[in-house]
>>> print(open('data_32.txt').read())   # compact mmCIF, C-alpha atoms
# COMPACT_ATOMS: atom_id res chain seq x y z
CA MET F 1 106.09 117.66 37.09
CA LYS F 2 108.96 116.73 39.43
CA THR F 3 109.38 120.25 40.74
CA LYS F 4 105.64 120.55 41.30
CA PHE F 5 105.59 117.43 43.51
CA PHE F 6 108.33 118.80 45.78
CA LYS F 7 106.29 121.95 46.30
CA THR F 8 103.05 120.22 47.29
CA GLU F 9 101.73 120.35 50.85
CA GLY F 10 101.64 116.55 50.99
CA PHE F 11 105.39 116.37 50.44
CA ARG F 12 105.97 119.03 53.10
CA CYS F 13 103.82 117.07 55.58
CA VAL F 14 105.81 113.89 54.97
CA ILE F 15 109.14 115.68 55.33
CA VAL F 16 108.14 117.48 58.55
CA LEU F 17 106.89 114.26 60.15
CA PHE F 18 110.00 112.40 58.99
CA VAL F 19 112.35 115.04 60.41
CA ILE F 20 110.51 115.16 63.74
CA THR F 21 110.62 111.34 63.95
CA VAL F 22 114.34 111.20 63.16
CA VAL F 23 115.22 113.93 65.69
CA MET F 24 113.10 112.38 68.44
CA CYS F 25 114.46 108.88 67.73
CA GLY F 26 118.01 110.23 67.92
CA LEU F 27 117.27 111.93 71.24
CA LEU F 28 115.68 108.75 72.63
CA ALA F 29 118.56 106.57 71.40
CA ILE F 30 121.08 108.73 73.25
CA LEU F 31 118.99 108.88 76.44
CA ASN F 32 118.25 105.16 76.30
CA ASP F 33 121.99 104.53 76.34
CA VAL F 34 122.62 107.00 79.17
CA LEU F 35 119.70 105.88 81.35
CA PHE F 36 119.94 102.13 80.64
CA VAL F 37 119.22 99.96 83.69
CA SER F 38 121.42 96.87 83.55
CA ASP F 39 120.38 93.40 84.68
CA ALA F 40 122.84 93.63 87.56
CA GLU F 41 121.23 96.89 88.71
CA ARG F 42 117.75 95.34 88.50
CA LEU F 43 118.96 92.33 90.48
CA ASN F 44 120.43 94.60 93.18
CA ARG F 45 117.12 96.45 93.39
CA ALA F 46 115.17 93.21 93.70
CA VAL F 47 117.50 91.93 96.42
CA ALA F 48 117.31 95.25 98.28
CA LYS F 49 113.52 95.22 98.01
CA VAL F 50 113.14 91.70 99.38
CA TYR F 51 116.17 91.41 101.66
CA GLY F 52 116.43 95.02 102.83
CA LYS F 53 120.03 95.63 101.77
CA GLU F 54 122.18 95.13 98.70
CA VAL F 55 124.34 92.00 98.62
CA GLN F 56 126.42 90.28 95.96
CA ALA F 57 124.15 87.62 94.43
CA GLU F 58 124.91 84.90 91.89
CA THR F 59 122.62 83.17 89.40
CA LEU F 60 121.47 79.73 90.52
CA GLN F 61 122.39 76.74 88.39
CA GLY F 62 119.73 76.08 85.76
CA PHE F 63 118.58 79.69 85.59
CA GLY F 64 121.43 81.25 83.62
CA GLU F 65 121.27 82.67 80.12
CA GLY F 66 119.92 80.10 77.65
CA GLU F 67 118.77 77.78 80.44
CA THR F 68 115.11 76.86 80.77
CA GLY F 69 114.48 77.64 84.43
CA PHE F 70 111.59 75.84 86.09
CA SER F 71 107.94 75.55 85.20
CA CYS F 72 104.94 73.64 86.46
CA GLU F 73 101.15 73.91 86.29
CA ALA F 74 101.07 76.66 88.88
CA GLY F 75 103.62 78.93 87.25
CA THR F 76 107.22 79.47 86.17
CA ILE F 77 110.48 80.53 87.75
CA GLU F 78 112.58 82.46 85.27
CA LYS F 79 115.06 84.07 87.62
CA ALA F 80 116.78 82.55 90.62
CA TYR F 81 119.77 83.79 92.59
CA CYS F 82 121.69 82.80 95.68
CA PHE F 83 123.75 84.69 98.19
CA THR F 84 125.29 84.29 101.63
CA ASP F 85 125.04 86.99 104.27
CA ASP F 86 126.35 86.72 107.85
CA GLY F 87 127.01 83.03 107.26
CA VAL F 88 123.38 82.33 106.28
CA TYR F 89 122.59 81.01 102.81
CA TYR F 90 119.59 82.43 100.90
CA GLU F 91 117.94 81.69 97.57
CA LEU F 92 115.89 84.33 95.78
CA PHE F 93 113.28 83.34 93.19
CA GLY F 94 111.45 85.49 90.66
CA SER F 95 108.31 83.38 90.35
CA THR F 96 105.33 84.04 88.09
CA GLY F 97 102.00 82.57 89.19
CA LYS F 98 99.25 81.75 86.68
CA ASN F 99 95.44 81.93 86.80
CA GLY F 100 95.08 85.46 88.10
CA TYR F 101 92.24 87.83 87.35
CA LYS F 102 91.23 87.51 83.66
CA ASP F 103 94.08 85.02 83.15
CA GLY F 104 96.61 87.57 84.32
CA THR F 105 99.86 86.66 86.01
CA VAL F 106 101.64 87.96 89.08
CA THR F 107 105.39 87.90 89.54
CA LEU F 108 106.63 87.65 93.10
CA TRP F 109 110.09 87.68 94.60
CA VAL F 110 110.34 84.86 97.13
CA LEU F 111 113.32 84.78 99.49
CA VAL F 112 114.10 81.36 100.98
CA LYS F 113 116.33 81.00 104.01
CA TYR F 114 118.39 77.82 104.41
CA GLU F 115 119.49 76.14 107.62
CA ASN F 116 121.58 72.96 107.70
CA ASP F 117 121.46 72.84 103.86
CA LYS F 118 117.65 72.65 103.94
CA PRO F 119 115.01 75.27 103.21
CA ALA F 120 113.96 76.57 106.64
CA SER F 121 111.53 79.37 105.92
CA LEU F 122 110.16 81.81 103.37
CA GLU F 123 111.97 84.87 104.68
CA ASN F 124 110.09 87.41 102.61
CA VAL F 125 107.66 87.69 99.69
CA ALA F 126 107.25 90.88 97.60
CA VAL F 127 105.45 91.81 94.41
CA ASP F 128 107.72 92.40 91.42
CA SER F 129 105.33 93.12 88.61
CA TYR F 130 101.87 92.27 87.43
CA GLU F 131 99.97 92.07 84.20
CA LYS F 132 96.25 92.62 83.70
CA GLN F 133 95.83 93.07 87.45
CA THR F 134 94.21 96.10 89.05
CA LEU F 135 93.96 95.35 92.74
CA MET F 136 97.61 94.81 93.59
CA SER F 137 97.97 97.89 95.74
CA SER F 138 95.36 96.44 98.12
CA PHE F 139 97.67 93.65 99.20
CA ASN F 140 99.48 94.72 102.34
CA SER F 141 101.92 93.09 104.74
CA SER F 142 99.15 91.23 106.59
CA PHE F 143 98.43 89.32 103.36
CA PHE F 144 102.06 88.33 102.81
CA ASN F 145 102.39 87.21 106.44
CA LYS F 146 100.61 83.97 105.59
CA TYR F 147 103.59 83.04 103.40
CA THR F 148 106.36 84.15 105.73
CA SER F 149 104.75 82.51 108.76
CA LEU F 150 105.16 79.07 107.15
CA THR F 151 107.07 76.93 109.64
CA THR F 152 109.98 74.62 108.81
CA GLU F 153 107.77 71.63 109.63
CA GLU F 154 105.07 72.82 107.23
CA LEU F 155 107.71 73.37 104.58
CA GLU F 156 109.02 69.84 105.05
CA SER F 157 105.53 68.31 105.15
CA GLY F 158 104.81 69.60 101.64
CA LYS F 159 102.17 72.24 102.37
CA LEU F 160 100.85 74.16 99.39
CA PHE F 161 98.71 77.27 99.55
CA SER F 162 95.11 76.75 98.54
CA THR F 163 93.63 78.55 95.55
CA ALA F 164 91.28 81.49 95.97
CA ALA F 165 88.03 79.59 95.45
CA SER F 166 88.46 77.75 98.73
CA ASP F 167 90.55 80.31 100.52
CA THR F 168 88.13 82.43 102.54
CA SER F 169 90.89 84.15 104.52
CA VAL F 170 91.88 85.97 101.34
CA GLN F 171 88.40 87.45 101.01
CA ASN F 172 88.74 88.92 104.47
CA VAL F 173 92.05 90.58 103.72
CA VAL F 174 91.24 92.02 100.31
CA SER F 175 87.65 92.01 99.30
CA GLY F 176 87.21 91.15 95.64
CA ALA F 177 90.84 90.34 94.98
CA THR F 178 90.54 86.57 95.15
CA MET F 179 91.78 85.94 91.60
CA SER F 180 94.87 88.10 92.10
CA SER F 181 95.64 86.28 95.32
CA ASN F 182 95.14 83.01 93.44
CA ALA F 183 98.03 83.96 91.12
CA MET F 184 100.10 84.94 94.15
CA ASN F 185 99.46 81.59 95.83
CA ASN F 186 100.47 79.90 92.57
CA ALA F 187 103.69 81.93 92.42
CA VAL F 188 104.65 80.83 95.94
CA ASN F 189 103.52 77.24 95.26
CA THR F 190 105.79 77.15 92.20
CA VAL F 191 108.76 77.96 94.44
CA LEU F 192 107.69 75.32 96.97
CA LEU F 193 107.38 72.74 94.19
CA TYR F 194 110.83 73.66 92.92
CA LEU F 195 112.28 73.30 96.41
CA TRP F 196 110.87 69.79 96.66
CA GLY F 197 111.90 68.95 93.11
CA GLU F 198 108.34 67.98 92.22
CA ALA F 199 107.65 69.47 88.82
CA VAL F 200 104.14 68.51 87.73
CA MET H 1 102.31 141.34 72.27
CA LYS H 2 103.22 141.33 75.98
CA THR H 3 102.69 138.00 77.75
CA ASN H 4 100.41 138.17 80.77
CA PHE H 5 102.09 135.62 83.05
CA LYS H 6 99.74 136.40 85.95
CA LYS H 7 96.74 135.43 83.82
CA ILE H 8 98.48 132.25 82.61
CA ALA H 9 99.26 131.30 86.22
CA MET H 10 95.71 131.99 87.41
CA ASP H 11 94.27 130.07 84.44
CA GLY H 12 96.45 127.02 85.05
CA VAL H 13 95.97 126.78 88.79
CA ILE H 14 92.44 128.15 89.35
CA THR H 15 90.31 129.54 86.51
CA SER H 16 90.97 126.69 84.05
CA ASN H 17 92.30 124.07 86.46
CA PRO H 18 92.66 121.00 84.19
CA THR H 19 91.35 118.49 86.73
CA LEU H 20 88.70 120.37 88.69
CA LYS H 21 87.44 122.89 86.13
CA LEU H 22 88.09 121.40 82.67
CA VAL H 23 87.69 117.80 83.93
CA LEU H 24 90.60 116.58 81.80
CA GLY H 25 92.88 113.64 82.63
CA THR H 26 90.17 111.89 84.65
CA CYS H 27 91.61 108.39 84.12
CA PRO H 28 94.86 108.92 86.11
CA THR H 29 93.00 111.19 88.53
CA LEU H 30 90.59 108.44 89.51
CA ALA H 31 93.09 105.61 89.44
CA LEU H 32 96.12 107.16 91.12
CA THR H 33 94.68 109.26 93.91
CA THR H 34 94.73 106.45 96.44
CA LEU H 35 97.93 107.93 97.85
CA ALA H 36 99.15 111.53 98.09
CA MET H 37 102.63 110.49 96.91
CA ASN H 38 101.15 109.08 93.68
CA GLY H 39 99.59 112.49 93.03
CA ILE H 40 102.95 114.22 93.35
CA GLY H 41 104.69 111.62 91.16
CA MET H 42 102.08 111.72 88.42
CA GLY H 43 101.80 115.50 88.65
CA ALA H 44 105.55 115.98 88.32
CA ALA H 45 105.69 113.63 85.32
CA VAL H 46 102.80 115.41 83.58
CA THR H 47 104.28 118.85 84.36
CA PHE H 48 107.61 117.88 82.78
CA VAL H 49 105.89 116.52 79.67
CA LEU H 50 103.61 119.59 79.46
CA ILE H 51 106.48 122.08 79.65
CA CYS H 52 108.71 120.22 77.17
CA SER H 53 105.97 119.44 74.65
CA ASN H 54 104.59 122.99 74.84
CA VAL H 55 108.05 124.45 74.20
CA PHE H 56 108.68 122.12 71.24
CA VAL H 57 105.23 122.65 69.72
CA SER H 58 105.60 126.41 70.11
CA LEU H 59 109.04 126.35 68.48
CA LEU H 60 107.76 124.32 65.54
CA ARG H 61 104.35 125.97 65.24
CA ASN H 62 105.23 127.73 61.99
CA VAL H 63 106.90 124.66 60.49
CA ILE H 64 104.31 121.96 61.18
CA PRO H 65 101.60 121.93 58.47
CA ASP H 66 98.04 122.14 59.79
CA LYS H 67 97.05 118.78 58.29
CA VAL H 68 99.64 116.78 60.27
CA ARG H 69 99.68 118.80 63.46
CA ILE H 70 98.00 116.12 65.62
CA PRO H 71 100.40 113.27 64.60
CA ALA H 72 103.31 115.68 65.01
CA PHE H 73 102.12 116.68 68.51
CA VAL H 74 101.64 113.03 69.48
CA LEU H 75 105.18 112.23 68.29
CA ILE H 76 106.61 115.05 70.40
CA ILE H 77 104.54 114.16 73.46
CA ALA H 78 105.39 110.43 73.16
CA THR H 79 109.10 111.25 73.09
CA PHE H 80 108.93 113.21 76.34
CA VAL H 81 106.78 110.58 78.01
CA THR H 82 109.41 107.98 77.10
CA ILE H 83 112.10 110.24 78.56
CA VAL H 84 110.11 110.54 81.81
CA ARG H 85 109.79 106.75 81.94
CA LEU H 86 113.52 106.26 81.41
CA VAL H 87 114.42 108.82 84.07
CA LEU H 88 111.97 107.45 86.64
CA ASP H 89 113.02 103.84 85.99
CA LYS H 90 116.67 104.81 86.49
CA PHE H 91 116.46 107.16 89.47
CA LEU H 92 113.06 106.69 91.14
CA PRO H 93 112.08 103.03 90.61
CA THR H 94 109.57 103.05 93.47
CA ILE H 95 107.51 105.85 91.91
CA TYR H 96 107.98 104.24 88.48
CA GLU H 97 106.43 101.03 89.80
CA SER H 98 103.61 102.74 91.67
CA LEU H 99 102.54 104.75 88.60
CA GLY H 100 102.69 101.59 86.50
CA LEU H 101 100.48 101.57 83.45
CA TYR H 102 99.40 105.19 83.87
CA LEU H 103 102.86 106.53 83.07
CA PRO H 104 102.88 105.51 79.36
CA LEU H 105 99.23 106.56 79.21
CA ILE H 106 100.33 110.20 79.68
CA VAL H 107 100.80 110.15 75.87
CA VAL H 108 97.04 110.20 75.44
CA ASN H 109 96.35 112.50 78.37
CA CYS H 110 93.86 115.11 77.15
CA ILE H 111 95.51 117.93 79.11
CA ILE H 112 98.77 117.68 77.18
CA LEU H 113 97.25 117.38 73.72
CA ALA H 114 94.71 120.11 74.55
CA ARG H 115 97.38 122.58 75.66
CA ALA H 116 99.55 121.80 72.63
CA GLU H 117 96.60 122.32 70.31
CA SER H 118 94.88 125.28 71.98
CA PHE H 119 97.80 127.23 73.47
CA ALA H 120 101.32 126.22 72.41
CA SER H 121 100.53 126.12 68.69
CA LYS H 122 99.32 129.75 68.86
CA ASN H 123 101.70 131.37 71.36
CA GLY H 124 105.39 132.08 71.89
CA VAL H 125 107.90 129.81 73.60
CA LEU H 126 108.01 131.59 76.99
CA ALA H 127 104.24 131.86 77.28
CA SER H 128 103.87 128.17 76.27
CA ALA H 129 106.46 127.06 78.84
CA ALA H 130 104.66 129.09 81.53
CA ASP H 131 101.32 127.60 80.48
CA GLY H 132 102.79 124.09 80.73
CA LEU H 133 104.26 124.85 84.15
CA PHE H 134 101.09 126.32 85.66
CA MET H 135 98.75 123.76 84.10
CA GLY H 136 101.07 121.10 85.55
CA ILE H 137 101.02 122.77 88.95
CA GLY H 138 97.21 122.92 88.84
CA PHE H 139 97.05 119.22 87.92
CA THR H 140 99.60 118.27 90.60
CA LEU H 141 97.83 120.26 93.33
CA ALA H 142 94.46 118.74 92.50
CA LEU H 143 95.84 115.18 92.43
CA THR H 144 97.87 115.63 95.61
CA ILE H 145 95.01 117.15 97.63
CA MET H 146 92.62 114.46 96.41
CA GLY H 147 95.22 111.77 97.09
CA ALA H 148 95.88 113.13 100.57
CA SER H 149 92.19 113.16 101.51
CA ARG H 150 91.64 109.64 100.15
CA GLU H 151 94.77 108.39 101.92
CA ILE H 152 93.72 109.95 105.24
CA LEU H 153 90.16 108.64 105.02
CA GLY H 154 90.85 105.33 103.29
CA ALA H 155 94.13 104.26 104.85
CA GLY H 156 94.52 106.40 107.98
CA SER H 157 97.88 107.72 106.81
CA ILE H 158 99.40 110.66 104.94
CA PHE H 159 102.43 110.36 102.65
CA GLY H 160 102.88 106.84 104.02
CA VAL H 161 103.04 108.07 107.65
CA HIS H 162 100.53 106.22 109.83
CA LEU H 163 98.14 108.62 111.60
CA TRP H 164 95.47 106.45 113.21
CA ASP H 165 93.77 103.06 112.89
CA PHE H 166 90.42 104.53 111.84
CA LYS H 167 89.77 104.14 108.10
CA ILE H 168 86.83 104.02 105.71
CA GLU H 169 87.61 101.35 103.07
CA PHE H 170 85.17 103.00 100.65
CA PHE H 171 87.59 105.86 99.97
CA ALA H 172 90.39 103.48 98.98
CA LYS H 173 88.22 101.90 96.26
CA SER H 174 86.96 102.99 92.83
CA ALA H 175 83.60 104.20 94.14
CA GLY H 176 85.45 106.33 96.67
CA ALA H 177 87.51 107.82 93.85
CA PHE H 178 84.38 108.91 91.95
CA PHE H 179 82.80 110.26 95.14
CA THR H 180 85.92 112.24 96.13
CA TYR H 181 86.38 113.59 92.60
CA GLY H 182 82.73 114.68 92.39
CA THR H 183 82.89 116.34 95.81
CA PHE H 184 86.07 118.22 94.92
CA ILE H 185 84.60 119.43 91.61
CA ALA H 186 81.48 120.65 93.43
CA VAL H 187 83.41 122.43 96.19
CA PHE H 188 85.86 123.96 93.70
CA GLY H 189 82.98 125.11 91.47
CA PHE H 190 81.12 126.65 94.42
CA VAL H 191 84.20 128.52 95.69
CA SER H 192 84.96 129.77 92.13
CA TYR H 193 81.34 130.94 91.81
CA LEU H 194 81.53 132.85 95.11
CA LEU H 195 84.82 134.48 94.12
CA HIS H 196 83.46 135.40 90.70
CA LYS H 197 80.31 136.88 92.27
CA ARG H 198 82.37 138.93 94.73
CA LYS H 199 84.53 140.24 91.91
CA LYS H 200 81.43 141.18 89.90
CA ILE H 201 79.86 143.05 92.83
CA LYS H 202 83.13 144.89 93.44
CA SER H 203 83.41 145.97 89.79
CA PHE H 204 79.72 147.00 89.76
CA LYS H 205 80.22 149.15 92.86
CA LEU H 206 83.35 150.65 91.33
CA SER H 207 81.49 151.52 88.13
CA ARG H 208 78.91 153.49 90.11
CA LEU H 209 81.47 155.55 92.01
CA PRO H 210 82.39 159.06 90.79
CA GLU H 211 85.67 159.30 88.80
CA ALA H 212 87.68 160.77 91.74
CA ALA H 213 86.72 157.93 94.07
CA LYS H 214 87.51 155.36 91.36
CA GLU H 215 91.08 156.66 91.14
CA GLU H 216 91.44 156.37 94.94
CA ASN H 217 90.26 152.71 94.78
>>> encode(input="data_32.txt", output="structure tokens")
Amino acid sequence: MKTKFFKTEGFRCVIVLFVITVVMCGLLAILNDVLFVSDAERLNRAVAKVYGKEVQAETLQGFGEGETGFSCEAGTIEKAYCFTDDGVYYELFGSTGKNGYKDGTVTLWVLVKYENDKPASLENVAVDSYEKQTLMSSFNSSFFNKYTSLTTEELESGKLFSTAASDTSVQNVVSGATMSSNAMNNAVNTVLLYLWGEAV
Amino acid sequence: MKTNFKKIAMDGVITSNPTLKLVLGTCPTLALTTLAMNGIGMGAAVTFVLICSNVFVSLLRNVIPDKVRIPAFVLIIATFVTIVRLVLDKFLPTIYESLGLYLPLIVVNCIILARAESFASKNGVLASAADGLFMGIGFTLALTIMGASREILGAGSIFGVHLWDFKIEFFAKSAGAFFTYGTFIAVFGFVSYLLHKRKKIKSFKLSRLPEAAKEEN
């Protein structure tokens, strides 16, 4: 009976699948170790993407491992870093905006430039990742200009970006992508709210 | 049996072009051909997976029982897709990001499973590797040419290099993707038909020639 079972095709199928799985898992485990992208490497990439060159950045207080970060109705900030380059201080936020298309979210990198210990401008805004969104490639530099053209006075006065429903300028830039831009506005608004210390 | 590499190459690139003749892998074709660079990235990724999975399937073709061949093929294909993802994430993060969701979806790409099932599981390792390579080249060429035309018409640029300000938004959108794909299939089909007809006429004329003239030809 026992010998018969080991000679059946069913047993052979199980063994072949098991062996293939084990070999492939072994191969992937080795490659995963060799090709692992560390957090530091990802941070350098993000900084290079937003700032244009790689600089030594540090984690902002409150955003380290085990710390809660910042969240409000508009979104959450899970990653935040700071660095100084050519005597100018910058803060970099990985902000996720809510209420995108089909409840999707958009994560943006927002680079804030400081002058006289105060936020002076949004130096750059770039897309990091997106979930459930399909129109992201349509957003070009002309769309992000509305964030980077924010003046110091507007920053100090507490300006927030309006949501897509009332924002007709968004329709002109990317037809049909109003909900995605809504999540983007929320991501930037989250950073602005953090800068003012006004968590809702 | 001697492997006819010329036939495999012609099949992969022209006669059985996976995108324009067999209409396989339509999902990434429609979604990623907004830019020519996306076509090259996706094509290279699919070519790598095709070659590796074809080689593995061919090597194991006598070991894998018929009843579990599909799950076994999917396991092999998924492994190589994961390897492509790891490599792109490490060394080419820009392409990794631009391909996005469509990179893991290579696992269920019909071209790869179809070649594993219809070719690699019945042929030797070298022939299977060649089939993977030429099918991949055919797929890459189709995607890149489609991507280039959509980028030129829809964005006024080629490989990210700005050409002119004139652009037709339609080609950058989903409807433009369907239109371009349909046009390319029609043109490719028409050219193939003409070539086939010419070949037929030539062989008919040859068959009517006397033996001595046939040898000269």
>>> residues_around(input="data_32.txt", residues="segment 185-198 of chain F", least_positions_apart="5", cutoff="9 Å", atoms="only C-alpha atoms", output="ChimeraX atom specification")
/F:70-77,93-100,105-110,119,125,147,155-156,158-164,180
>>> write_last_selection(input="data_32.txt", atoms="C-alpha atoms", output="PDB file, in the coordinates of the input")
ATOM      1  CA  PHE F  70     111.590  75.840  86.090  1.00  0.00           C
ATOM      2  CA  SER F  71     107.940  75.550  85.200  1.00  0.00           C
ATOM      3  CA  CYS F  72     104.940  73.640  86.460  1.00  0.00           C
ATOM      4  CA  GLU F  73     101.150  73.910  86.290  1.00  0.00           C
ATOM      5  CA  ALA F  74     101.070  76.660  88.880  1.00  0.00           C
ATOM      6  CA  GLY F  75     103.620  78.930  87.250  1.00  0.00           C
ATOM      7  CA  THR F  76     107.220  79.470  86.170  1.00  0.00           C
ATOM      8  CA  ILE F  77     110.480  80.530  87.750  1.00  0.00           C
ATOM      9  CA  PHE F  93     113.280  83.340  93.190  1.00  0.00           C
ATOM     10  CA  GLY F  94     111.450  85.490  90.660  1.00  0.00           C
ATOM     11  CA  SER F  95     108.310  83.380  90.350  1.00  0.00           C
ATOM     12  CA  THR F  96     105.330  84.040  88.090  1.00  0.00           C
ATOM     13  CA  GLY F  97     102.000  82.570  89.190  1.00  0.00           C
ATOM     14  CA  LYS F  98      99.250  81.750  86.680  1.00  0.00           C
ATOM     15  CA  ASN F  99      95.440  81.930  86.800  1.00  0.00           C
ATOM     16  CA  GLY F 100      95.080  85.460  88.100  1.00  0.00           C
ATOM     17  CA  THR F 105      99.860  86.660  86.010  1.00  0.00           C
ATOM     18  CA  VAL F 106     101.640  87.960  89.080  1.00  0.00           C
ATOM     19  CA  THR F 107     105.390  87.900  89.540  1.00  0.00           C
ATOM     20  CA  LEU F 108     106.630  87.650  93.100  1.00  0.00           C
ATOM     21  CA  TRP F 109     110.090  87.680  94.600  1.00  0.00           C
ATOM     22  CA  VAL F 110     110.340  84.860  97.130  1.00  0.00           C
ATOM     23  CA  PRO F 119     115.010  75.270 103.210  1.00  0.00           C
ATOM     24  CA  VAL F 125     107.660  87.690  99.690  1.00  0.00           C
ATOM     25  CA  TYR F 147     103.590  83.040 103.400  1.00  0.00           C
ATOM     26  CA  LEU F 155     107.710  73.370 104.580  1.00  0.00           C
ATOM     27  CA  GLU F 156     109.020  69.840 105.050  1.00  0.00           C
ATOM     28  CA  GLY F 158     104.810  69.600 101.640  1.00  0.00           C
ATOM     29  CA  LYS F 159     102.170  72.240 102.370  1.00  0.00           C
ATOM     30  CA  LEU F 160     100.850  74.160  99.390  1.00  0.00           C
ATOM     31  CA  PHE F 161      98.710  77.270  99.550  1.00  0.00           C
ATOM     32  CA  SER F 162      95.110  76.750  98.540  1.00  0.00           C
ATOM     33  CA  THR F 163      93.630  78.550  95.550  1.00  0.00           C
ATOM     34  CA  ALA F 164      91.280  81.490  95.970  1.00  0.00           C
ATOM     35  CA  SER F 180      94.870  88.100  92.100  1.00  0.00           C
TER      36      SER F 180
END
>>> residues_around(input="data_32.txt", residues="segment 186-196 of chain H", least_positions_apart="2", cutoff="10 Å", atoms="all atoms listed in the file", output="PyMOL selection string")
chain H and resi 14-15+17+20-21+180-184+198-202
>>> residues_around(input="data_32.txt", residues="Gly132 of chain H", least_positions_apart="5", cutoff="10 Å", atoms="only C-alpha atoms", output="MDAnalysis selection string")
chainID H and resid 8:9 12 46:55 111:112 115:116 119:120 126:127 137:138
>>> write_last_selection(input="data_32.txt", atoms="C-alpha atoms", output="PDB file, in the frame of the given file")
ATOM      1  CA  ILE H   8      98.480 132.250  82.610  1.00  0.00           C
ATOM      2  CA  ALA H   9      99.260 131.300  86.220  1.00  0.00           C
ATOM      3  CA  GLY H  12      96.450 127.020  85.050  1.00  0.00           C
ATOM      4  CA  VAL H  46     102.800 115.410  83.580  1.00  0.00           C
ATOM      5  CA  THR H  47     104.280 118.850  84.360  1.00  0.00           C
ATOM      6  CA  PHE H  48     107.610 117.880  82.780  1.00  0.00           C
ATOM      7  CA  VAL H  49     105.890 116.520  79.670  1.00  0.00           C
ATOM      8  CA  LEU H  50     103.610 119.590  79.460  1.00  0.00           C
ATOM      9  CA  ILE H  51     106.480 122.080  79.650  1.00  0.00           C
ATOM     10  CA  CYS H  52     108.710 120.220  77.170  1.00  0.00           C
ATOM     11  CA  SER H  53     105.970 119.440  74.650  1.00  0.00           C
ATOM     12  CA  ASN H  54     104.590 122.990  74.840  1.00  0.00           C
ATOM     13  CA  VAL H  55     108.050 124.450  74.200  1.00  0.00           C
ATOM     14  CA  ILE H 111      95.510 117.930  79.110  1.00  0.00           C
ATOM     15  CA  ILE H 112      98.770 117.680  77.180  1.00  0.00           C
ATOM     16  CA  ARG H 115      97.380 122.580  75.660  1.00  0.00           C
ATOM     17  CA  ALA H 116      99.550 121.800  72.630  1.00  0.00           C
ATOM     18  CA  PHE H 119      97.800 127.230  73.470  1.00  0.00           C
ATOM     19  CA  ALA H 120     101.320 126.220  72.410  1.00  0.00           C
ATOM     20  CA  LEU H 126     108.010 131.590  76.990  1.00  0.00           C
ATOM     21  CA  ALA H 127     104.240 131.860  77.280  1.00  0.00           C
ATOM     22  CA  ILE H 137     101.020 122.770  88.950  1.00  0.00           C
ATOM     23  CA  GLY H 138      97.210 122.920  88.840  1.00  0.00           C
TER      24      GLY H 138
END
>>> atom_distance(input="data_32.txt", atom1="atom CA of Val88 of chain F", atom2="atom CA of Leu111 of chain F")
12.4 Å
>>> atom_distance(input="data_32.txt", atom1="atom CA of Ile76 of chain H", atom2="atom CA of Val23 of chain H")
23.4 Å
>>> closest_atom_pairs(input="data_32.txt", of="chain F", to="chain H", cutoff="9 Å", atoms="only C-alpha atoms", output="tab-separated table")
residue	atom	partner	partner_atom	distance
F:Glu9	CA	H:Pro65	CA	7.8
F:Gly10	CA	H:Lys67	CA	8.9
F:Arg12	CA	H:Pro65	CA	7.5
F:Cys13	CA	H:Pro65	CA	6.1
F:Val14	CA	H:Val68	CA	8.6
F:Val16	CA	H:Ile64	CA	6.5
F:Leu17	CA	H:Ala72	CA	6.2
F:Ile20	CA	H:Ala72	CA	7.3
F:Thr21	CA	H:Leu75	CA	7.0
F:Met24	CA	H:Thr79	CA	6.2
F:Cys25	CA	H:Thr79	CA	7.9
F:Leu27	CA	H:Thr79	CA	8.4
F:Leu28	CA	H:Thr79	CA	7.1
F:Leu31	CA	H:Ile83	CA	7.3
F:Asn32	CA	H:Leu86	CA	7.0
F:Leu35	CA	H:Lys90	CA	6.1
F:Phe36	CA	H:Lys90	CA	7.2
F:Val37	CA	H:Lys90	CA	6.2
F:Arg45	CA	H:Pro93	CA	8.7
F:Asp128	CA	H:Glu97	CA	8.9
F:Ser129	CA	H:Glu97	CA	8.1
F:Ser137	CA	H:Ser98	CA	8.5
F:Ser138	CA	H:Ala172	CA	8.7
>>> closest_residue(input="data_32.txt", among="F:Thr3, F:Asn182, F:Ser38, F:Thr59", to="Asp103 of chain F", atoms="all atoms listed in the file")
F:Asn182
>>> atom_distance(input="data_32.txt", atom1="atom CA of Met146 of chain H", atom2="atom CA of Ala114 of chain H")
22.7 Å
>>> axis_aligned_box(input="data_32.txt", around="segment 109-124 of chain H", padding_each_side="6 Å", output="JSON")
{"center_x": 99.6, "center_y": 122.3, "center_z": 73.9, "size_x": 23.5, "size_y": 31.6, "size_z": 22.4}
>>> closest_residue(input="data_32.txt", among="F:Ser121, F:Thr152, F:Phe63, F:Gly69", to="Tyr81 of chain F", atoms="all atoms listed in the file")
F:Phe63
>>> residues_around(input="data_32.txt", residues="Ser16 of chain H", least_positions_apart="6", cutoff="9 Å", atoms="only C-alpha atoms", output="list in words")
Met10, Leu22, Met135 and Gly138 of chain H
>>> closest_residue(input="data_32.txt", among="F:Gln61, F:Glu115, F:Lys4, F:Ala126", to="Ala48 of chain F", atoms="only C-alpha atoms")
F:Ala126
>>> residues_near_point(input="data_32.txt", point="(92.8, 104.9, 92.1)", cutoff="9 Å", atoms="all atoms listed in the file", output="list in words")
Cys27, Pro28, Thr29, Leu30, Ala31, Leu32, Thr33, Thr34, Leu35, Gly147, Ala172, Lys173, Ser174, Gly176 and Ala177 of chain H
